[in-house]
Each structure stands twice: as structure tokens, then as C-alpha cells.
>>> print(open('work_8.pdb').read())   # PDB, C-alpha atoms and all ligand atoms
ATOM      1  CA  MET A  16     -98.694  87.603  19.483
ATOM      2  CA  GLU A  17     -95.618  88.928  17.722
ATOM      3  CA  LEU A  18     -92.627  89.797  19.871
ATOM      4  CA  GLN A  19     -89.761  91.937  18.659
ATOM      5  CA  PHE A  20     -86.641  92.184  20.802
ATOM      6  CA  LEU A  21     -85.203  95.621  20.104
ATOM      7  CA  GLY A  22     -82.484  95.592  22.767
ATOM      8  CA  THR A  23     -80.865  92.473  24.239
ATOM      9  CA  GLY A  24     -77.978  93.790  26.353
ATOM     10  CA  ALA A  25     -77.418  94.602  30.019
ATOM     11  CA  ALA A  26     -77.309  98.133  31.492
ATOM     12  CA  GLU A  27     -73.943  99.192  30.039
ATOM     13  CA  GLY A  28     -74.673  97.751  26.568
ATOM     14  CA  VAL A  29     -72.451  95.555  24.384
ATOM     15  CA  PRO A  30     -70.030  97.097  23.558
ATOM     16  CA  ALA A  31     -70.207  98.894  26.904
ATOM     17  CA  MET A  32     -70.388 102.658  26.726
ATOM     18  CA  PHE A  33     -66.993 103.471  28.267
ATOM     19  CA  CYS A  34     -65.270 100.080  28.020
ATOM     20  CA  LYS A  35     -62.170  98.948  26.172
ATOM     21  CA  CYS A  36     -62.037  95.289  27.271
ATOM     22  CA  ASP A  37     -61.124  92.659  24.649
ATOM     23  CA  THR A  38     -64.784  91.712  24.147
ATOM     24  CA  CYS A  39     -65.912  95.301  23.579
ATOM     25  CA  ARG A  40     -63.007  95.971  21.207
ATOM     26  CA  GLU A  41     -63.863  92.866  19.185
ATOM     27  CA  ILE A  42     -67.604  93.655  19.106
ATOM     28  CA  ARG A  43     -66.856  97.211  17.900
ATOM     29  CA  LYS A  44     -64.745  95.700  15.126
ATOM     30  CA  ARG A  45     -67.525  93.301  14.083
ATOM     31  CA  GLY A  46     -70.073  96.122  13.969
ATOM     32  CA  GLU A  47     -73.770  96.725  14.503
ATOM     33  CA  SER A  48     -75.023  93.173  13.850
ATOM     34  CA  GLU A  49     -73.282  92.032  17.061
ATOM     35  CA  TYR A  50     -74.329  94.956  19.257
ATOM     36  CA  HIS A  51     -76.608  94.251  22.211
ATOM     37  CA  THR A  52     -78.259  97.490  23.272
ATOM     38  CA  ARG A  53     -80.393  98.118  26.348
ATOM     39  CA  SER A  54     -83.482  96.026  27.062
ATOM     40  CA  GLN A  55     -86.649  96.695  25.061
ATOM     41  CA  LEU A  56     -89.375  94.423  23.725
ATOM     42  CA  ILE A  57     -92.520  95.246  21.774
ATOM     43  CA  LEU A  58     -95.593  93.064  21.341
ATOM     44  CA  ASP A  59     -97.813  93.564  18.289
ATOM     45  CA  ASP A  60     -96.604  97.195  17.836
ATOM     46  CA  THR A  61     -98.838  98.605  20.591
ATOM     47  CA  VAL A  62     -97.514  97.066  23.817
ATOM     48  CA  GLY A  63     -93.978  97.552  25.115
ATOM     49  CA  ILE A  64     -91.959  96.007  27.903
ATOM     50  CA  ASP A  65     -89.460  98.570  29.240
ATOM     51  CA  PHE A  66     -88.265 101.786  27.647
ATOM     52  CA  PRO A  67     -84.470 102.220  27.677
ATOM     53  CA  PRO A  68     -82.251 105.133  26.614
ATOM     54  CA  ASP A  69     -81.760 103.255  23.326
ATOM     55  CA  ALA A  70     -85.467 103.381  22.366
ATOM     56  CA  TYR A  71     -84.808 106.221  19.915
ATOM     57  CA  TYR A  72     -81.932 104.320  18.278
ATOM     58  CA  HIS A  73     -84.096 101.174  18.120
ATOM     59  CA  ALA A  74     -86.862 103.095  16.364
ATOM     60  CA  LEU A  75     -84.419 104.342  13.723
ATOM     61  CA  ARG A  76     -82.522 101.093  13.260
ATOM     62  CA  PHE A  77     -85.529  98.766  13.062
ATOM     63  CA  ASN A  78     -88.055 101.178  11.576
ATOM     64  CA  VAL A  79     -90.347 100.994  14.605
ATOM     65  CA  ASP A  80     -93.155 103.515  15.033
ATOM     66  CA  LEU A  81     -92.958 104.411  18.743
ATOM     67  CA  ALA A  82     -96.103 106.553  18.376
ATOM     68  CA  LYS A  83     -98.086 103.314  18.079
ATOM     69  CA  LEU A  84     -97.159 102.260  21.630
ATOM     70  CA  GLN A  85    -100.223 102.585  23.845
ATOM     71  CA  TYR A  86     -99.234 100.472  26.825
ATOM     72  CA  LEU A  87     -95.887 100.119  28.526
ATOM     73  CA  LEU A  88     -95.125  97.522  31.165
ATOM     74  CA  ILE A  89     -92.056  98.534  33.141
ATOM     75  CA  THR A  90     -90.140  95.880  35.046
ATOM     76  CA  HIS A  91     -88.281  98.215  37.423
ATOM     77  CA  SER A  92     -86.748 101.654  37.688
ATOM     78  CA  HIS A  93     -83.129 100.897  36.673
ATOM     79  CA  MET A  94     -82.228 103.339  33.905
ATOM     80  CA  ASP A  95     -81.567 100.623  31.320
ATOM     81  CA  HIS A  96     -85.247  99.640  31.646
ATOM     82  CA  PHE A  97     -86.921 102.978  32.235
ATOM     83  CA  TYR A  98     -85.448 106.132  30.768
ATOM     84  CA  ALA A  99     -88.312 108.474  31.590
ATOM     85  CA  HIS A 100     -86.709 111.708  30.334
ATOM     86  CA  ASP A 101     -87.695 110.882  26.752
ATOM     87  CA  PHE A 102     -91.422 111.138  27.473
ATOM     88  CA  ILE A 103     -91.281 114.940  27.542
ATOM     89  CA  LEU A 104     -90.979 114.643  23.742
ATOM     90  CA  ARG A 105     -94.360 112.922  23.315
ATOM     91  CA  GLY A 106     -96.347 115.999  22.306
ATOM     92  CA  TYR A 107     -96.116 119.807  22.121
ATOM     93  CA  LYS A 108     -93.775 121.084  19.367
ATOM     94  CA  TYR A 109     -91.734 117.879  19.485
ATOM     95  CA  CYS A 110     -94.381 115.740  17.907
ATOM     96  CA  SER A 111     -97.421 116.174  15.666
ATOM     97  CA  GLU A 112    -100.423 113.945  14.916
ATOM     98  CA  LEU A 113    -100.236 111.945  18.122
ATOM     99  CA  SER A 114    -103.691 110.698  18.970
ATOM    100  CA  SER A 115    -103.631 107.766  21.340
ATOM    101  CA  PRO A 116    -102.734 108.190  24.994
ATOM    102  CA  LEU A 117     -99.954 106.147  26.543
ATOM    103  CA  THR A 118    -100.425 104.197  29.761
ATOM    104  CA  ILE A 119     -97.334 103.232  31.717
ATOM    105  CA  PHE A 120     -97.664 100.446  34.286
ATOM    106  CA  GLY A 121     -95.002  99.960  36.939
ATOM    107  CA  ASN A 122     -94.148  99.702  40.628
ATOM    108  CA  ALA A 123     -94.089 102.595  43.128
ATOM    109  CA  GLU A 124     -90.478 103.435  42.261
ATOM    110  CA  VAL A 125     -91.291 103.682  38.544
ATOM    111  CA  VAL A 126     -94.064 106.161  39.345
ATOM    112  CA  LYS A 127     -91.580 108.167  41.426
ATOM    113  CA  ILE A 128     -88.840 108.086  38.775
ATOM    114  CA  PHE A 129     -91.282 109.256  36.095
ATOM    115  CA  ALA A 130     -92.147 112.311  38.197
ATOM    116  CA  GLU A 131     -88.496 112.952  39.028
ATOM    117  CA  CYS A 132     -87.152 112.698  35.460
ATOM    118  CA  THR A 133     -89.906 114.742  33.811
ATOM    119  CA  ARG A 134     -90.294 117.379  36.565
ATOM    120  CA  ARG A 135     -88.395 120.141  34.760
ATOM    121  CA  GLU A 136     -89.482 119.691  31.158
ATOM    122  CA  LEU A 137     -92.864 117.937  30.927
ATOM    123  CA  ARG A 138     -95.473 120.339  29.558
ATOM    124  CA  THR A 139     -99.076 120.094  30.719
ATOM    125  CA  GLU A 140    -100.396 119.217  27.257
ATOM    126  CA  VAL A 141     -97.901 116.325  27.036
ATOM    127  CA  ALA A 142     -98.648 115.123  30.566
ATOM    128  CA  GLN A 143    -102.372 114.967  29.759
ATOM    129  CA  ASN A 144    -101.697 112.255  27.194
ATOM    130  CA  ILE A 145     -99.635 109.999  29.488
ATOM    131  CA  ARG A 146    -101.020 108.032  32.395
ATOM    132  CA  VAL A 147     -98.720 106.390  34.917
ATOM    133  CA  ARG A 148    -100.356 103.598  36.913
ATOM    134  CA  GLU A 149     -98.912 101.873  39.941
ATOM    135  CA  ILE A 150     -99.592  98.156  39.866
ATOM    136  CA  GLN A 151     -99.315  95.448  42.509
ATOM    137  CA  PRO A 152     -97.737  92.012  42.141
ATOM    138  CA  PHE A 153     -99.955  88.932  41.789
ATOM    139  CA  SER A 154    -102.928  90.980  40.640
ATOM    140  CA  PRO A 155    -103.842  90.432  36.938
ATOM    141  CA  PHE A 156    -105.114  93.440  34.972
ATOM    142  CA  SER A 157    -106.441  93.776  31.437
ATOM    143  CA  PHE A 158    -105.901  96.385  28.760
ATOM    144  CA  GLY A 159    -106.278  96.824  25.024
ATOM    145  CA  LYS A 160    -109.243  97.042  22.701
ATOM    146  CA  LYS A 161    -111.458  94.056  21.960
ATOM    147  CA  GLU A 162    -111.028  94.516  18.185
ATOM    148  CA  ASP A 163    -107.188  94.359  18.251
ATOM    149  CA  GLY A 164    -107.043  91.773  20.999
ATOM    150  CA  GLU A 165    -107.145  92.199  24.728
ATOM    151  CA  TYR A 166    -104.173  91.525  26.959
ATOM    152  CA  THR A 167    -104.005  90.393  30.552
ATOM    153  CA  ALA A 168    -100.768  91.098  32.366
ATOM    154  CA  THR A 169     -99.697  89.912  35.789
ATOM    155  CA  ALA A 170     -96.722  91.446  37.548
ATOM    156  CA  LEU A 171     -94.747  88.852  39.510
ATOM    157  CA  LEU A 172     -91.985  89.448  42.014
ATOM    158  CA  ALA A 173     -88.449  89.153  40.652
ATOM    159  CA  GLN A 174     -85.291  88.486  42.621
ATOM    160  CA  HIS A 175     -83.444  91.626  41.659
ATOM    161  CA  SER A 176     -83.409  94.659  43.922
ATOM    162  CA  LYS A 177     -83.280  95.415  47.627
ATOM    163  CA  THR A 178     -84.623  98.944  47.191
ATOM    164  CA  GLU A 179     -87.729  98.309  45.104
ATOM    165  CA  ARG A 180     -90.110  95.496  44.207
ATOM    166  CA  ALA A 181     -88.825  94.614  40.716
ATOM    167  CA  PHE A 182     -91.330  92.796  38.507
ATOM    168  CA  VAL A 183     -91.293  90.183  35.799
ATOM    169  CA  TYR A 184     -94.455  89.663  33.744
ATOM    170  CA  LEU A 185     -96.868  87.006  32.592
ATOM    171  CA  ILE A 186     -98.723  88.319  29.541
ATOM    172  CA  GLU A 187    -101.722  86.578  28.048
ATOM    173  CA  LYS A 188    -103.592  87.250  24.844
ATOM    174  CA  GLY A 189    -106.402  84.824  24.026
ATOM    175  CA  GLU A 190    -105.008  81.342  24.545
ATOM    176  CA  LYS A 191    -101.378  82.495  24.327
ATOM    177  CA  ALA A 192     -99.182  83.041  27.379
ATOM    178  CA  TYR A 193     -95.760  84.669  27.497
ATOM    179  CA  LEU A 194     -93.443  84.788  30.513
ATOM    180  CA  HIS A 195     -90.905  87.641  30.487
ATOM    181  CA  LEU A 196     -88.128  87.063  33.016
ATOM    182  CA  THR A 197     -85.648  89.924  33.079
ATOM    183  CA  ASP A 198     -84.125  91.381  35.261
ATOM    184  CA  THR A 199     -84.161  88.579  37.783
ATOM    185  CA  GLY A 200     -82.148  85.827  39.411
ATOM    186  CA  ARG A 201     -83.803  82.468  40.027
ATOM    187  CA  LEU A 202     -87.453  83.222  40.783
ATOM    188  CA  PRO A 203     -88.656  83.530  44.396
ATOM    189  CA  THR A 204     -90.804  80.651  45.672
ATOM    190  CA  GLU A 205     -93.895  82.875  46.011
ATOM    191  CA  THR A 206     -93.707  83.699  42.289
ATOM    192  CA  LEU A 207     -93.325  80.025  41.356
ATOM    193  CA  ASP A 208     -96.215  79.084  43.671
ATOM    194  CA  TYR A 209     -98.415  81.801  42.171
ATOM    195  CA  LEU A 210     -97.664  80.782  38.570
ATOM    196  CA  GLU A 211     -98.306  77.121  39.312
ATOM    197  CA  LYS A 212    -101.673  77.824  40.913
ATOM    198  CA  TYR A 213    -102.783  80.460  38.382
ATOM    199  CA  LEU A 214    -101.906  78.439  35.288
ATOM    200  CA  THR A 215    -103.209  75.127  36.662
ATOM    201  CA  ALA A 216    -106.553  76.796  37.418
ATOM    202  CA  LYS A 217    -106.683  77.972  33.796
ATOM    203  CA  ASN A 218    -105.516  74.594  32.511
ATOM    204  CA  LYS A 219    -102.742  76.389  30.645
ATOM    205  CA  THR A 220     -98.963  76.281  30.230
ATOM    206  CA  VAL A 221     -96.809  79.100  28.885
ATOM    207  CA  ASP A 222     -95.943  79.171  25.178
ATOM    208  CA  LEU A 223     -92.703  81.085  25.532
ATOM    209  CA  VAL A 224     -90.325  82.023  28.351
ATOM    210  CA  THR A 225     -87.585  84.631  27.924
ATOM    211  CA  PHE A 226     -84.824  84.226  30.496
ATOM    212  CA  ASP A 227     -82.438  86.809  31.885
ATOM    213  CA  CYS A 228     -79.083  85.398  30.747
ATOM    214  CA  THR A 229     -76.658  88.098  31.843
ATOM    215  CA  PHE A 230     -74.063  85.509  32.902
ATOM    216  CA  LEU A 231     -74.332  83.127  29.924
ATOM    217  CA  PHE A 232     -71.892  80.229  30.583
ATOM    218  CA  ARG A 233     -71.100  81.485  34.106
ATOM    219  CA  THR A 234     -73.509  80.288  36.768
ATOM    220  CA  ALA A 235     -75.050  82.992  38.940
ATOM    221  CA  GLY A 236     -76.287  80.668  41.709
ATOM    222  CA  GLU A 237     -79.222  80.863  44.111
ATOM    223  CA  VAL A 238     -78.908  84.408  45.397
ATOM    224  CA  SER A 239     -77.926  86.469  42.358
ATOM    225  CA  ARG A 240     -79.896  89.336  40.784
ATOM    226  CA  HIS A 241     -79.392  87.843  37.310
ATOM    227  CA  MET A 242     -79.013  84.401  35.730
ATOM    228  CA  GLY A 243     -76.769  82.325  33.485
ATOM    229  CA  LEU A 244     -77.577  79.270  31.380
ATOM    230  CA  GLU A 245     -77.354  76.791  34.276
ATOM    231  CA  ASP A 246     -79.724  78.967  36.306
ATOM    232  CA  ASN A 247     -82.100  79.101  33.319
ATOM    233  CA  LYS A 248     -81.931  75.303  33.111
ATOM    234  CA  ALA A 249     -82.731  74.985  36.824
ATOM    235  CA  MET A 250     -85.756  77.256  36.285
ATOM    236  CA  GLN A 251     -86.849  75.232  33.256
ATOM    237  CA  THR A 252     -86.764  72.041  35.352
ATOM    238  CA  GLU A 253     -88.810  73.748  38.053
ATOM    239  CA  PHE A 254     -91.364  75.019  35.480
ATOM    240  CA  LEU A 255     -91.810  71.516  34.067
ATOM    241  CA  ARG A 256     -92.138  69.984  37.530
ATOM    242  CA  ARG A 257     -94.787  72.540  38.492
ATOM    243  CA  LYS A 258     -96.562  72.321  35.099
ATOM    244  CA  ILE A 259     -95.954  76.012  34.391
ATOM    245  CA  ALA A 260     -94.352  74.759  31.161
ATOM    246  CA  ASP A 261     -94.657  71.558  29.161
ATOM    247  CA  GLY A 262     -93.173  69.937  26.061
ATOM    248  CA  HIS A 263     -94.557  72.629  23.713
ATOM    249  CA  THR A 264     -93.002  75.562  25.636
ATOM    250  CA  ARG A 265     -90.158  77.420  23.907
ATOM    251  CA  TYR A 266     -87.355  79.293  25.660
ATOM    252  CA  ALA A 267     -85.366  82.359  24.663
ATOM    253  CA  ILE A 268     -82.451  84.158  26.362
ATOM    254  CA  THR A 269     -81.594  87.866  26.577
ATOM    255  CA  HIS A 270     -79.866  90.703  28.581
ATOM    256  CA  TYR A 271     -76.228  89.765  27.917
ATOM    257  CA  SER A 272     -73.261  91.476  29.543
ATOM    258  CA  HIS A 273     -69.916  92.397  27.956
ATOM    259  CA  ASN A 274     -68.256  90.539  30.878
ATOM    260  CA  ASN A 275     -69.372  87.181  29.488
ATOM    261  CA  GLU A 276     -68.269  87.308  25.820
ATOM    262  CA  PRO A 277     -71.693  87.490  24.150
ATOM    263  CA  PHE A 278     -70.347  86.928  20.643
ATOM    264  CA  ARG A 279     -72.567  85.357  17.998
ATOM    265  CA  GLU A 280     -70.669  82.050  18.329
ATOM    266  CA  THR A 281     -71.140  82.031  22.146
ATOM    267  CA  LEU A 282     -74.885  82.467  21.660
ATOM    268  CA  GLU A 283     -75.014  79.752  18.989
ATOM    269  CA  LYS A 284     -73.172  77.449  21.388
ATOM    270  CA  ALA A 285     -75.768  78.249  24.086
ATOM    271  CA  LYS A 286     -78.492  77.256  21.630
ATOM    272  CA  ALA A 287     -76.731  74.012  20.682
ATOM    273  CA  GLU A 288     -76.015  72.971  24.285
ATOM    274  CA  TYR A 289     -79.188  74.153  26.054
ATOM    275  CA  GLY A 290     -81.813  74.445  23.321
ATOM    276  CA  PHE A 291     -82.617  78.054  24.265
ATOM    277  CA  LEU A 292     -83.136  80.505  21.419
ATOM    278  CA  PRO A 293     -80.695  83.415  21.650
ATOM    279  CA  THR A 294     -82.268  86.812  20.967
ATOM    280  CA  PHE A 295     -80.420  89.467  18.971
ATOM    281  CA  ASP A 296     -81.286  93.138  18.616
ATOM    282  CA  GLY A 297     -84.207  93.269  16.191
ATOM    283  CA  SER A 298     -85.100  89.545  16.284
ATOM    284  CA  LYS A 299     -88.754  88.494  16.181
ATOM    285  CA  ILE A 300     -90.582  85.527  17.691
ATOM    286  CA  GLU A 301     -94.211  84.680  16.954
ATOM    287  CA  ILE A 302     -96.287  82.712  19.450
TER     288      ILE A 302
HETATM  289 ZN    ZN A 401     -81.129  95.385  33.156
HETATM  290 ZN    ZN A 402     -66.191  95.629  27.827
HETATM  291 ZN    ZN A 403     -81.970  95.985  36.792
END
>>> encode(input="work_8.pdb", output="C-alpha cells", more="lines below")
Ligand SMILES: [Zn+2]
Ligand SMILES: [Zn+2]
Ligand SMILES: [Zn+2]
Amino acid sequence: MELQFLGTGAAEGVPAMFCKCDTCREIRKRGESEYHTRSQLILDDTVGIDFPPDAYYHALRFNVDLAKLQYLLITHSHMDHFYAHDFILRGYKYCSELSSPLTIFGNAEVVKIFAECTRRELRTEVAQNIRVREIQPFSPFSFGKKEDGEYTATALLAQHSKTERAFVYLIEKGEKAYLHLTDTGRLPTETLDYLEKYLTAKNKTVDLVTFDCTFLFRTAGEVSRHMGLEDNKAMQTEFLRRKIADGHTRYAITHYSHNNEPFRETLEKAKAEYGFLPTFDGSKIEI
């Protein structure tokens, strides 16, 4: 499974859209290689996790063919993870030679937001090529074609929102298992219990975990909606104790905020001190 992180910033982006703090000024000066745009990940070209307002910019900057996306797993309805307006452009006069349909998986709020954002401009012929499916937590589902590899995804409850059931995802392809943990604070016990039981039954541990690291060197603590490095470390310890992870598991961090100085040297320091791989816009990891 090849993962490409297209956007690695929090909702407001780094530099933040309207901000003139010292960090944002410095990042603007350093230029594009230090930008962290809104959260987007693609797996093997055809599967995406989240679809932010920066998807169009990502496609241009990293030469990504968004028409190849056939399945989208949406974590939650916050606009930095699901910018549904853009889907009106997937057909009609806006787009030629589009063959494969797109299936979007998400919670009840994602289904609602899709309808709300596309209500005015989505043409029938475009709508026919997009399916929006509500999924439930702790209920694995499979998708993909046998010849290109089949995926099994499981939505798990995040600690993130009081108004919707935000998800994080376990994604499996063959023997490989990937745990995508943004946006979330430290995971709820029911998610940890589920992962422990599910993976033990399969005699499996995850190959890669990507942590929400909005706070970087600031600790978020037990009740936050996001995490920092110390929170990630606490989760890592819990994963090892519960045999969700083992010695072969790798860890990456993402979703940085301009409030916590996410400069290249800060991220390198995080790697040196914690052993977690910092993601940058455009970076790839193979598992
Ligand atoms: Zn976010
Ligand atoms: Zn700023
Ligand atoms: Zn969020």
C-alpha cells in the first residue's frame, strides 16, 4: 500500500489563511516547501481519506489525478476534511472522459453536508456517478476490485466532536494494516478495546499509525479533541500493551497547527526525540 500525504495542516492551514503571527510570517518567507495545507491522504491512487478545500491545489502541485479516486473515506464533516462543494465539478461540462463512479463513505453528518453543499449546483448526470454511503463504527466493510487489491476499512470512534460521531480508520489490504488517527484526541476506551480484540483475533498488528499531532510539543491531555507528541507517546504505549502494535510498527505524525511552530526543524526535533516520522505535504510512505 502506498500512502501519499497531500495535506498535513490543521483547518486554517500553515500559514493560516488570515493570520500574521510570527510563525505564519516566517513560513510565508520560507515558501511552499514548508506549507502545511488541509488534511488529505491518498492510498494507491484510487482510495482517499478526506477531501479538503485544498484538493485542487494538491492535484496541481503534486501531479495527482483526482479522476482516479474511486473511494473516499471521510473522517468527519469539518470543512478542512470534507469540502463537498467541489463534487459538482465531477461531470457535465466541467469534466470529460470520467468513467468510474465515486463512492463516499462517512457518518450521518457527512451525508447531510454533502446534500447541503451540493443542493444548488449538482446536476443529475453528475449525481448519478457519485454514491454517498453512511457507515457505522465498529463494522468492517470491503471495497475495491480483486485484481487491484481489495480493501477492508473499519470506522472507529474518535474523541473529537460533540455534535457528530467523528471517525478514525483502520484500513487493511492483504496482510497490511494502516491506522489513520486524525482528527482525534487520545482514543476512547471502546475504540482501543475494539482494536485489541479485532487484531488479536486476526493475529495481526498494525504496520503504520499516523497520529494527529496538532499540538506538537504542547501536551493536549486526556480530554482534548487533538493530540501532541506526549499524547501520541501515551497512545503508542497503550497500543504496545494491548498488542495493537509491536516492534515492527512505524509511526507518523500530521495535522499541524500554526499555533505550535511547525517549522521543518521542529518536526525534525520531534523525529529525533520521539522516533515518529513527520509528514510533509506530498510525502510518501510505503507499507
Ligand atoms: Zn482537522
Ligand atoms: Zn499564524
Ligand atoms: Zn475536525
>>> atom_distance(input="work_8.pdb", atom1="atom CA of Thr52 of chain A", atom2="atom CA of Leu87 of chain A")
18.6 Å
>>> closest_residue(input="work_8.pdb", among="A:Tyr86, A:Phe182, A:Tyr107, A:Phe129", to="ligand ZN 401 (chain A)", atoms="only C-alpha atoms and all ligand atoms")
A:Phe182
>>> axis_aligned_box(input="work_8.pdb", around="segment 160-174 of chain A", padding_each_side="5 Å", output="AutoDock Vina command-line options")
--center_x -98.4 --center_y 92.8 --center_z 30.4 --size_x 36.2 --size_y 18.6 --size_z 34.4
>>> closest_residue(input="work_8.pdb", among="A:Ala99, A:Ala25, A:Ala31, A:Leu104", to="ligand ZN 402 (chain A)", atoms="only C-alpha atoms and all ligand atoms")
A:Ala31
>>> residues_near_ligand(input="work_8.pdb", ligand="ligand ZN 403 (chain A)", cutoff="9 Å", atoms="all atoms listed in the file", output="list in words")
Ala25, Ala26, Thr90, His91, Ser92, His93, Met94, Asp95, His96, His175, Ser176, Ala181, Thr197, Asp198, Thr199, Arg240 and His241 of chain A
>>> closest_atom_pairs(input="work_8.pdb", of="chain A", to="ligand ZN 402 (chain A)", cutoff="7 Å", atoms="all atoms listed in the file", output="tab-separated table")
residue	atom	partner	partner_atom	distance
A:Pro30	CA	A:ZN402	ZN	5.9
A:Ala31	CA	A:ZN402	ZN	5.3
A:Cys34	CA	A:ZN402	ZN	4.5
A:Lys35	CA	A:ZN402	ZN	5.5
A:Cys36	CA	A:ZN402	ZN	4.2
A:Asp37	CA	A:ZN402	ZN	6.7
A:Thr38	CA	A:ZN402	ZN	5.6
A:Cys39	CA	A:ZN402	ZN	4.3
A:His273	CA	A:ZN402	ZN	4.9
A:Asn274	CA	A:ZN402	ZN	6.3
>>> write_last_selection(input="work_8.pdb", atoms="C-alpha atoms", output="compact mmCIF listing (two decimals), in the coordinates of the input")
# COMPACT_ATOMS: atom_id res chain seq x y z
CA PRO A 30 -70.03 97.10 23.56
CA ALA A 31 -70.21 98.89 26.90
CA CYS A 34 -65.27 100.08 28.02
CA LYS A 35 -62.17 98.95 26.17
CA CYS A 36 -62.04 95.29 27.27
CA ASP A 37 -61.12 92.66 24.65
CA THR A 38 -64.78 91.71 24.15
CA CYS A 39 -65.91 95.30 23.58
CA HIS A 273 -69.92 92.40 27.96
CA ASN A 274 -68.26 90.54 30.88
>>> residues_near_point(input="work_8.pdb", point="(-94.7, 94.0, 41.2)", cutoff="7 Å", atoms="all atoms listed in the file", output="list in words")
Asn122, Ile150, Gln151, Pro152, Ala170, Leu171, Leu172, Arg180, Ala181 and Phe182 of chain A
>>> closest_residue(input="work_8.pdb", among="A:Glu162, A:Glu211, A:Asp227, A:Glu283", to="ligand ZN 401 (chain A)", atoms="only C-alpha atoms and all ligand atoms")
A:Asp227
>>> resolve_selection(input="work_8.pdb", expression="the PyMOL selection byres (((chain A and resi 262) around 12) and not hetatm)", output="list of chain:residue names")
A:Thr220, A:Val221, A:Asp222, A:Leu223, A:Gln251, A:Thr252, A:Phe254, A:Leu255, A:Arg256, A:Lys258, A:Ile259, A:Ala260, A:Asp261, A:His263, A:Thr264, A:Arg265, A:Tyr266
